Amino acid sequence: MPRFAANLTKLFTEMPIENRFSAAAEAGFTGAEILFPYDIPAAKLARAAIAAGLEIVLINTPPPNWAGGPRGFAAIPGLEERFRHDFDRALRFARALRARHIHVMAGATQDPAARTTFVENLTWATERAPHASLTIEVINRTDMPGYYLSDFELAAGIIAEIGAPNLGLQFDTYHAQAITGDAMECWRKHAPIIRHVQIAGYPGRHEPAGGEIDYPAFFAALDASGYRGWVSAEYDPEHLTENGLGWLPRG
Ligand SMILES: O=C(O)[C@@H](O)C(=O)CO
Ligand SMILES: [Mg+2]
């Protein structure tokens, strides 16, 4: 079975962030991800993760805030300085948290120069942080209107063009199902460049059970493919987080 991480931005939100780590560990997760940790002292988060015995698997580059505003700047022409400043901030947090991956957010733009900007910024970032693992994620535009990176072929082409060993695809089954209608097939097609997986039920983005994606089959396919990365539960629990964890393979 893959290793499972809890996305603590979405799961266990019934309690303060510092308590979510131990709740996740008790529930059977061995890793955690936090989308935007920037409002909380990194030392406090690191302590909570260590105390719970959880590895921090992923953080995102900063948008201005979680409640609203742009989602990253990496593909936005004219905002290169802003991107680089934010990337360095993400690096500092990732180091303090010992986070395995940094998800570099593209931002919302339809500018014709977006692809060039994205490639240049990502190239800069891969060279700036050769020891960090960077990901880009394809996100559907119904949930995130105008988001630049909403096409798997585009993402695969950009990763191939940059050709950096520390850049790969973050594969979110929910977005894959929304965009392609067949998350499993999309996974098969892009498996060689995937270094992080996120899961949720589709439709609804609730628990990964029922719905259009056959999760027992997906986990078996991950195992069969030799995938050694994390699978992170990134969904909006329908009720209390703990009451909806029947999908999580344990032991
Ligand atoms: O799927 C998502 O929405 C996330 O992984 C994310 O990074 C949103 O900011
Ligand atoms: Mg995701």
# chains A, B, ... in the order shown; residues from 1 in each chain; ligands from 1
>>> residues_near_ligand(ligand="ligand 2", cutoff="9 Å", atoms="only C-alpha atoms and all ligand atoms", output="PyMOL selection string")
chain A and resi 137-139+170-175+197-200+232+234-235
>>> write_last_selection(atoms="C-alpha atoms", output="compact mmCIF listing (two decimals), in the first residue's frame")
# COMPACT_ATOMS: atom_id res chain seq x y z
CA GLU A 137 -0.13 20.70 -10.31
CA VAL A 138 -2.83 20.68 -12.97
CA ILE A 139 -5.91 22.31 -11.44
CA GLN A 170 1.79 16.66 -8.62
CA PHE A 171 -1.14 14.47 -9.66
CA ASP A 172 -4.48 15.23 -8.03
CA THR A 173 -7.09 12.61 -8.90
CA TYR A 174 -9.92 15.07 -8.31
CA HIS A 175 -8.62 17.54 -10.88
CA VAL A 197 -0.36 12.24 -5.50
CA GLN A 198 -3.41 13.86 -3.92
CA ILE A 199 -6.82 12.21 -3.69
CA ALA A 200 -10.47 13.11 -3.18
CA SER A 232 -2.17 12.76 0.32
CA GLU A 234 -6.83 16.44 0.13
CA TYR A 235 -10.59 16.58 0.44
>>> residues_around(residues="A:Arg89", least_positions_apart="4", cutoff="8 Å", atoms="only C-alpha atoms", output="NGL selection string")
:A and (61-62 or 85 or 93)
>>> write_last_selection(atoms="C-alpha atoms", output="PDB file, in the first residue's frame")
ATOM      1  CA  THR A  61       4.493  28.579  -2.679  1.00  0.00           C
ATOM      2  CA  PRO A  62       2.587  31.465  -1.129  1.00  0.00           C
ATOM      3  CA  HIS A  85      10.629  36.622  -3.457  1.00  0.00           C
ATOM      4  CA  PHE A  93       9.666  27.323   5.333  1.00  0.00           C
TER       5      PHE A  93
END
>>> residues_around(residues="A:Val119", least_positions_apart="3", cutoff="9 Å", atoms="only C-alpha atoms", output="list in words")
Ala74, Ala75, Ala114, Arg115, Thr116, Leu122, Thr123, Trp124, Ile158, Ile159, Glu161 and Ile162 of chain A
>>> closest_residue(among="A:Ala51, A:Met1, A:Ala43, A:Ala156", to="A:Ala23", atoms="only C-alpha atoms")
A:Ala51
>>> residues_around(residues="A:Gly78", least_positions_apart="5", cutoff="12 Å", atoms="only C-alpha atoms", output="number ranges by chain")
A: 73, 83-84, 109, 111, 113-114, 116-118, 121
>>> closest_residue(among="A:Arg47, A:Arg3, A:Arg205, A:Lys189", to="ligand 1", atoms="only C-alpha atoms and all ligand atoms")
A:Arg205
>>> select_by_dssp(residues="stretch 3-234 of chain A", states="strand (DSSP E or B)", output="ChimeraX atom specification")
/A:3-7,31-33,55-60,72,101-103,106,108,133-137,147,167-172,194-199,230-233
>>> write_last_selection(atoms="N, CA and C atoms", output="short mmCIF file (atom, residue, chain, number, x, y, z; two decimals), in the first residue's frame")
data_model
loop_
_atom_site.label_atom_id
_atom_site.label_comp_id
_atom_site.auth_asym_id
_atom_site.auth_seq_id
_atom_site.Cartn_x
_atom_site.Cartn_y
_atom_site.Cartn_z
N ARG A 3 2.08 5.14 0.99
CA ARG A 3 2.11 5.85 2.28
C ARG A 3 1.11 7.00 2.20
N PHE A 4 0.31 7.17 3.25
CA PHE A 4 -0.75 8.17 3.20
C PHE A 4 -0.44 9.37 4.09
N ALA A 5 -0.64 10.55 3.53
CA ALA A 5 -0.49 11.80 4.28
C ALA A 5 -1.84 12.49 4.39
N ALA A 6 -2.00 13.25 5.45
CA ALA A 6 -3.24 14.03 5.64
C ALA A 6 -2.98 15.48 5.27
N ASN A 7 -3.83 16.03 4.44
CA ASN A 7 -3.72 17.46 4.14
C ASN A 7 -4.38 18.21 5.30
N GLY A 31 2.19 10.92 7.23
CA GLY A 31 2.70 12.19 6.71
C GLY A 31 1.61 13.25 6.78
N ALA A 32 2.04 14.51 6.55
CA ALA A 32 1.08 15.61 6.56
C ALA A 32 1.50 16.63 5.52
N GLU A 33 0.52 17.32 4.94
CA GLU A 33 0.86 18.46 4.09
C GLU A 33 0.02 19.66 4.54
N GLU A 55 5.95 12.99 8.96
CA GLU A 55 6.80 13.71 8.01
C GLU A 55 5.95 14.78 7.32
N ILE A 56 6.52 15.97 7.14
CA ILE A 56 5.80 16.98 6.35
C ILE A 56 6.16 16.76 4.89
N VAL A 57 5.13 16.55 4.11
CA VAL A 57 5.31 16.05 2.75
C VAL A 57 5.31 17.17 1.73
N LEU A 58 4.52 18.21 1.97
CA LEU A 58 4.38 19.25 0.94
C LEU A 58 3.87 20.56 1.51
N ILE A 59 4.43 21.65 0.97
CA ILE A 59 3.82 22.97 1.16
C ILE A 59 3.71 23.61 -0.23
N ASN A 60 2.90 24.65 -0.33
CA ASN A 60 2.77 25.41 -1.59
C ASN A 60 3.59 26.69 -1.51
N GLY A 72 -0.61 32.14 -6.63
CA GLY A 72 0.75 32.01 -7.13
C GLY A 72 1.00 32.97 -8.28
N HIS A 101 8.33 18.22 -0.59
CA HIS A 101 8.05 18.86 -1.88
C HIS A 101 7.57 20.30 -1.69
N ILE A 102 7.89 21.13 -2.67
CA ILE A 102 7.30 22.47 -2.75
C ILE A 102 6.47 22.53 -4.03
N HIS A 103 5.18 22.79 -3.86
CA HIS A 103 4.30 22.94 -5.03
C HIS A 103 4.38 24.40 -5.49
N ALA A 106 1.21 28.28 -10.28
CA ALA A 106 1.35 29.05 -11.53
C ALA A 106 0.64 30.38 -11.48
N ALA A 108 -3.24 32.62 -11.94
CA ALA A 108 -4.31 32.74 -12.94
C ALA A 108 -3.90 33.76 -13.99
N SER A 133 12.69 19.32 -3.93
CA SER A 133 11.85 18.69 -4.94
C SER A 133 10.68 19.62 -5.23
N LEU A 134 10.56 20.04 -6.48
CA LEU A 134 9.51 20.99 -6.87
C LEU A 134 8.44 20.27 -7.69
N THR A 135 7.19 20.68 -7.48
CA THR A 135 6.10 20.09 -8.27
C THR A 135 5.26 21.19 -8.89
N ILE A 136 4.60 20.83 -10.00
CA ILE A 136 3.54 21.68 -10.54
C ILE A 136 2.29 20.82 -10.63
N GLU A 137 1.14 21.44 -10.40
CA GLU A 137 -0.13 20.70 -10.31
C GLU A 137 -1.13 21.23 -11.33
N TYR A 147 -7.08 29.59 -13.69
CA TYR A 147 -5.76 29.06 -13.31
C TYR A 147 -5.01 28.63 -14.57
N LEU A 167 12.21 18.57 -10.70
CA LEU A 167 10.87 19.07 -11.05
C LEU A 167 10.01 17.92 -11.55
N GLY A 168 8.80 17.78 -10.99
CA GLY A 168 7.89 16.73 -11.44
C GLY A 168 6.44 17.15 -11.30
N LEU A 169 5.56 16.21 -11.61
CA LEU A 169 4.13 16.50 -11.61
C LEU A 169 3.49 16.10 -10.28
N GLN A 170 2.65 16.97 -9.77
CA GLN A 170 1.79 16.66 -8.62
C GLN A 170 0.44 16.27 -9.20
N PHE A 171 0.05 15.01 -8.99
CA PHE A 171 -1.14 14.47 -9.66
C PHE A 171 -2.29 14.40 -8.67
N ASP A 172 -3.30 15.21 -8.90
CA ASP A 172 -4.48 15.23 -8.03
C ASP A 172 -5.62 14.54 -8.77
N ILE A 194 5.26 11.63 -12.36
CA ILE A 194 4.49 11.97 -11.15
C ILE A 194 5.32 11.69 -9.90
N ARG A 195 5.43 12.70 -9.04
CA ARG A 195 6.21 12.50 -7.81
C ARG A 195 5.40 12.77 -6.55
N HIS A 196 4.15 13.20 -6.71
CA HIS A 196 3.29 13.36 -5.55
C HIS A 196 1.85 13.18 -6.00
N VAL A 197 1.04 12.51 -5.15
CA VAL A 197 -0.36 12.24 -5.50
C VAL A 197 -1.28 12.80 -4.42
N GLN A 198 -2.38 13.42 -4.85
CA GLN A 198 -3.41 13.86 -3.92
C GLN A 198 -4.73 13.21 -4.34
N ILE A 199 -5.58 12.92 -3.36
CA ILE A 199 -6.82 12.21 -3.69
C ILE A 199 -8.04 12.86 -3.05
N TRP A 230 4.23 9.74 -1.87
CA TRP A 230 3.12 9.84 -0.92
C TRP A 230 1.79 9.96 -1.65
N VAL A 231 0.73 9.55 -0.94
CA VAL A 231 -0.63 9.80 -1.39
C VAL A 231 -1.29 10.64 -0.31
N SER A 232 -1.66 11.84 -0.68
CA SER A 232 -2.17 12.76 0.32
C SER A 232 -3.68 12.94 0.20
N ALA A 233 -4.35 12.85 1.34
CA ALA A 233 -5.80 13.01 1.38
C ALA A 233 -6.12 14.50 1.40
#
>>> select_by_dssp(residues="stretch 36-96 of chain A", states="helix (DSSP H, G or I)", output="PyMOL selection string")
chain A and resi 42-52+80-96
>>> residues_around(residues="stretch 244-247 of chain A", least_positions_apart="6", cutoff="9 Å", atoms="only C-alpha atoms", output="VMD selection string")
chain A and resid 27 207 to 209 215 to 216 237 to 238
>>> atom_distance(atom1="atom CA of A:Leu11", atom2="atom CA of A:Gly146")
26.0 Å
>>> atom_distance(atom1="atom CA of A:Arg92", atom2="atom CA of A:Gly28")
28.7 Å
>>> closest_residue(among="A:Pro41, A:Met184, A:Gln110, A:His239", to="A:Pro77", atoms="only C-alpha atoms")
A:Gln110
>>> closest_residue(among="A:Ile179, A:Ala217, A:Leu35, A:Leu79", to="ligand 1", atoms="only C-alpha atoms and all ligand atoms")
A:Leu35
>>> closest_residue(among="A:Ala48, A:Ala42, A:Ala164, A:Met144", to="ligand 1", atoms="only C-alpha atoms and all ligand atoms")
A:Met144
>>> atom_distance(atom1="atom 3 (O, counted along the ligand's line) of ligand 1", atom2="atom CA of A:Asp143")
7.8 Å
>>> closest_residue(among="A:Phe218, A:Tyr148, A:Tyr202, A:Phe36", to="ligand 1", atoms="only C-alpha atoms and all ligand atoms")
A:Phe36
